[in-house]
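Visitor: I am attaching a structure below and will ask some questions about it afterwards.
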Amino acid sequence: MQYTGNVNKIIWYLLIPIMIFIYVYFLNWNNNQVNELVITEQQKSFGIHQNNMSKLAKIDGLILGGSNAGSGLSAQVITESLGRAWYNLYLPGEGKTDKKYWSFVTQILSEGIRSNVRTIVYSSAIPLHKDTIGRRYNREITQLKHLLIPSKSLSAHFKDYFFPSKNLGPIKNNTFGDRNFNSVRCLDSNKLKLVKNTREINENQLRSWVIDQLEVLLRIFPNAKIFFVIPSEYYLNKDEERSEKNAEIINSGISVLTATNNVDITLIKQSDYPSIDMLCTDSFHANSIGREWRTKEILQYLSASLPYLNNN
């Protein structure tokens, strides 16, 4: 009995405190690693865009959004096709919060440049993922959760250290802001991270988010026509009913603004990727072939909707 009591004391007063200390230390280290990676990515993007923008005298059109827009649409192709100056001002993860992304946009672009932008293509993957809007609205809650639960397991850290990922390389953009695929190693088709259709269909949440985003866009780009784009994807299951419901809610948010304001907003619902060979890493991120295909589809809308293209 005395032996058992001593063992219990060792467990309770020595081993458990040591395990708690190790776990807390790992949580702190893990969160620092993840936060540094996010901050570094955003700082690199900011520096690249700032350098590119300093060389542009005028911008007619902008592509906005996250990595989906960076890898899925090409400002270079649009510029060369329309004969107008376009730039891809994407930011990975759209800055993790809406406030951070729009702050990034206004820091990069002066008020004078923004007032002269005539066309915005806003391609956001946020509505393509259930509950993402809620997580962005309540980022502080998510951060609290990550203080208690690691966002990346210890085994994942070991795997990355001993077997580094062979997919997307470091952030490199061309002078138009597009993701440079010469520096990217896309995955083989059998290793792509394909997912099922989980588009957001929470009506109140999605409509409110759409209205909020458009109100910000209209405020910082007061003279621009806005194309709100639902990006292409390649799902494991179509679930056309869910996709249609998602598009209807987004369109209802657009209608709220166009019904009471003299604004020019058009919804573009892009087609699904017709082939898995157009993907780079997952259901949402295109490779160079997919980007060219998506951009050409966008160009059809732009050419048909922008009368100023026929003017000098």
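Residue numbering restarts at 1 for every chain of the structure tokens, chains are lettered A, B, ... in their displayed order, and ligands are numbered from 1 as they appear.
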Please report, as a tab-separated table, each residue of segment 32-148 of chain A lying at most 7 Å from segment 291-298 of chain A, together with the nearest pair of atoms and the separation in Å rounded to one decimal; use only C-alpha atoms, and order rows by chain and ascending residue number.
Guide:
residue	atom	partner	partner_atom	distance
A:Ser71	CA	A:Arg291	CA	6.4
A:Gly72	CA	A:Arg291	CA	4.4
A:Leu73	CA	A:Thr295	CA	5.2
A:Ser74	CA	A:Thr295	CA	6.1
Visitor: Can you list every residue in segment 218-270 of chain A that DSSP puts in helix (DSSP H, G or I), as a list of chain:residue names?
Guide: A:Leu218, A:Arg219, A:Ile220, A:Glu240, A:Glu241, A:Arg242, A:Ser243, A:Glu244, A:Lys245, A:Asn246, A:Ala247, A:Glu248, A:Ile249, A:Ile250, A:Asn251, A:Ser252, A:Gly253, A:Ile254, A:Ser255, A:Val256, A:Leu257, A:Thr258, A:Ala259, A:Thr260
Visitor: For Glu244 of chain A, list every protein, DNA or RNA residue within 12 Å, evaluated using only C-alpha atoms, and leave out those in the same chain fewer than 3 positions away; present the list as a PyMOL selection string.
Guide: chain A and resi 128+197+199-201+230+238-241+247-251+269
Visitor: Keeping N, CA and C atoms, export the residues of the selection given above as an mmCIF file, in the first residue's frame.
Guide:
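Output file out.cif is given in full below:
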data_model
loop_
_atom_site.group_PDB
_atom_site.id
_atom_site.type_symbol
_atom_site.label_atom_id
_atom_site.label_comp_id
_atom_site.auth_asym_id
_atom_site.auth_seq_id
_atom_site.Cartn_x
_atom_site.Cartn_y
_atom_site.Cartn_z
ATOM 1 N N LEU A 128 -17.111 29.951 -50.241
ATOM 2 C CA LEU A 128 -17.038 28.551 -50.661
ATOM 3 C C LEU A 128 -16.829 27.592 -49.504
ATOM 4 N N ASN A 197 -18.519 19.746 -51.464
ATOM 5 C CA ASN A 197 -19.132 21.065 -51.526
ATOM 6 C C ASN A 197 -19.678 21.464 -50.155
ATOM 7 N N ARG A 199 -20.277 24.950 -49.465
ATOM 8 C CA ARG A 199 -20.502 26.391 -49.628
ATOM 9 C C ARG A 199 -21.423 26.921 -48.532
ATOM 10 N N GLU A 200 -21.164 28.151 -48.139
ATOM 11 C CA GLU A 200 -21.949 28.766 -47.069
ATOM 12 C C GLU A 200 -23.387 29.013 -47.536
ATOM 13 N N ILE A 201 -24.358 28.542 -46.740
ATOM 14 C CA ILE A 201 -25.767 28.774 -47.066
ATOM 15 C C ILE A 201 -26.529 29.326 -45.858
ATOM 16 N N ILE A 230 -17.916 34.505 -57.914
ATOM 17 C CA ILE A 230 -17.910 33.213 -57.223
ATOM 18 C C ILE A 230 -16.929 32.336 -57.994
ATOM 19 N N LYS A 238 -20.971 17.372 -56.704
ATOM 20 C CA LYS A 238 -21.468 18.624 -57.294
ATOM 21 C C LYS A 238 -22.350 19.394 -56.317
ATOM 22 N N ASP A 239 -23.405 18.748 -55.820
ATOM 23 C CA ASP A 239 -24.395 19.385 -54.942
ATOM 24 C C ASP A 239 -24.821 20.729 -55.531
ATOM 25 N N GLU A 240 -25.419 20.658 -56.714
ATOM 26 C CA GLU A 240 -25.815 21.875 -57.422
ATOM 27 C C GLU A 240 -26.847 22.679 -56.641
ATOM 28 N N GLU A 241 -27.668 21.995 -55.852
ATOM 29 C CA GLU A 241 -28.676 22.697 -55.063
ATOM 30 C C GLU A 241 -28.022 23.624 -54.045
ATOM 31 N N ALA A 247 -25.367 31.023 -54.384
ATOM 32 C CA ALA A 247 -25.371 32.105 -55.366
ATOM 33 C C ALA A 247 -26.590 33.014 -55.187
ATOM 34 N N GLU A 248 -27.736 32.437 -54.855
ATOM 35 C CA GLU A 248 -28.964 33.215 -54.651
ATOM 36 C C GLU A 248 -28.814 34.173 -53.468
ATOM 37 N N ILE A 249 -28.193 33.692 -52.400
ATOM 38 C CA ILE A 249 -27.996 34.543 -51.222
ATOM 39 C C ILE A 249 -27.036 35.685 -51.544
ATOM 40 N N ILE A 250 -25.941 35.360 -52.229
ATOM 41 C CA ILE A 250 -24.986 36.401 -52.618
ATOM 42 C C ILE A 250 -25.669 37.443 -53.498
ATOM 43 N N ASN A 251 -26.460 36.991 -54.449
ATOM 44 C CA ASN A 251 -27.149 37.913 -55.348
ATOM 45 C C ASN A 251 -28.165 38.778 -54.601
ATOM 46 N N LYS A 269 -20.807 34.110 -61.681
ATOM 47 C CA LYS A 269 -20.713 32.753 -61.133
ATOM 48 C C LYS A 269 -19.902 31.924 -62.119
#
Visitor: Which is closer to Ala224 of chain A than all the others in A:Asp282, A:Asp60, A:Glu203, A:Asp188, using only C-alpha atoms?
Guide: A:Asp60
Visitor: Which residue gives the smallest distance to Lys55 of chain A among A:Tyr101, A:Phe228, A:Phe176, A:Tyr301, with only C-alpha atoms counted?
Guide: A:Phe176
Visitor: Counting only C-alpha atoms, what are the residues of segment 104-140 of chain A within 12 Å of segment 208-212 of chain A, and for each of them which pair of atoms is the nearest and at what distance in Å, to one decimal? Sort the table by chain and rising number, as a Markdown table.
Guide:
| residue | atom | partner | partner_atom | distance |
| --- | --- | --- | --- | --- |
| A:Tyr122 | CA | A:Val210 | CA | 11.1 |
| A:Ser124 | CA | A:Val210 | CA | 10.5 |
| A:Ile126 | CA | A:Trp209 | CA | 9.8 |
| A:Pro127 | CA | A:Val210 | CA | 9.1 |
| A:Asp131 | CA | A:Trp209 | CA | 11.7 |
| A:Thr132 | CA | A:Trp209 | CA | 10.8 |
| A:Ile133 | CA | A:Trp209 | CA | 7.3 |
| A:Gly134 | CA | A:Trp209 | CA | 9.5 |
| A:Arg136 | CA | A:Trp209 | CA | 10.3 |
| A:Tyr137 | CA | A:Trp209 | CA | 9.3 |
Visitor: Hey, what's within 12 Å of Thr79 of chain A if we count only C-alpha atoms and toss same-chain stuff fewer than 3 positions away? As JSON, numbers by chain, please?
Guide: {"A": [59, 60, 61, 62, 63, 73, 74, 75, 76, 82, 83, 84, 85, 86, 87, 88, 175, 176, 177, 178, 295, 296, 299, 302, 309]}
Visitor: Write a file of the just-selected residues containing C-alpha atoms, as a short mmCIF file (atom, residue, chain, number, x, y, z; two decimals), in the first residue's frame.
Guide:
data_model
loop_
_atom_site.label_atom_id
_atom_site.label_comp_id
_atom_site.auth_asym_id
_atom_site.auth_seq_id
_atom_site.Cartn_x
_atom_site.Cartn_y
_atom_site.Cartn_z
CA ILE A 59 -4.34 51.31 -62.81
CA ASP A 60 -7.58 50.78 -64.74
CA GLY A 61 -8.61 47.55 -63.05
CA LEU A 62 -7.83 45.43 -60.01
CA ILE A 63 -8.20 41.79 -59.06
CA LEU A 73 -6.82 34.90 -62.19
CA SER A 74 -4.21 36.77 -64.22
CA ALA A 75 -3.95 40.56 -64.37
CA GLN A 76 -1.26 40.11 -67.02
CA LEU A 82 -7.91 44.56 -73.10
CA GLY A 83 -5.01 46.96 -73.58
CA ARG A 84 -5.67 48.44 -70.13
CA ALA A 85 -3.50 48.43 -67.01
CA TRP A 86 -4.60 45.77 -64.52
CA TYR A 87 -3.03 44.56 -61.29
CA ASN A 88 -3.64 41.54 -59.03
CA THR A 175 5.09 42.57 -62.09
CA PHE A 176 1.30 42.33 -62.55
CA GLY A 177 0.90 40.85 -59.05
CA ASP A 178 -0.03 37.38 -60.34
CA THR A 295 -9.22 34.33 -66.74
CA LYS A 296 -10.52 33.82 -70.28
CA LEU A 299 -12.62 38.30 -69.95
CA LEU A 302 -15.47 42.20 -68.97
CA LEU A 309 -13.08 49.58 -73.59
#
Visitor: Write out as a PyMOL selection string each polymer residue whose atoms come within 8 Å of Leu279 of chain A, counting only C-alpha atoms; drop sequence neighbours fewer than 5 positions from it.
Guide: chain A and resi 186+189+192+284-287+290
Visitor: Only C-alpha atoms, please: the residues just picked out, written as an mmCIF file, in the first residue's frame.
Guide:
data_model
loop_
_atom_site.group_PDB
_atom_site.id
_atom_site.type_symbol
_atom_site.label_atom_id
_atom_site.label_comp_id
_atom_site.auth_asym_id
_atom_site.auth_seq_id
_atom_site.Cartn_x
_atom_site.Cartn_y
_atom_site.Cartn_z
ATOM 1 C CA CYS A 186 1.990 21.873 -57.996
ATOM 2 C CA SER A 189 -3.427 14.843 -59.539
ATOM 3 C CA LEU A 192 -4.611 16.869 -54.651
ATOM 4 C CA PHE A 284 -9.941 25.728 -55.178
ATOM 5 C CA HIS A 285 -6.423 26.652 -56.334
ATOM 6 C CA ALA A 286 -5.627 26.501 -60.046
ATOM 7 C CA ASN A 287 -2.380 25.744 -61.797
ATOM 8 C CA GLY A 290 -6.579 26.518 -64.788
#
Visitor: Enter the distance from atom CA of Glu233 of chain A to atom CA of Ser252 of chain A, in Å, rounded to one decimal.
Guide: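 Distance reported for this atom pair: 21.9 Å.
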Visitor: How far is it from atom CA of Thr119 of chain A to atom CA of Thr97 of chain A, in Å with one decimal?
Guide: 23.4 Å
Visitor: One number please: atom CA of Ser255 of chain A to atom CA of Lys96 of chain A, in Å, one decimal.
Guide: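 Separation between atom CA of Ser255 of chain A and atom CA of Lys96 of chain A: 26.8 Å.
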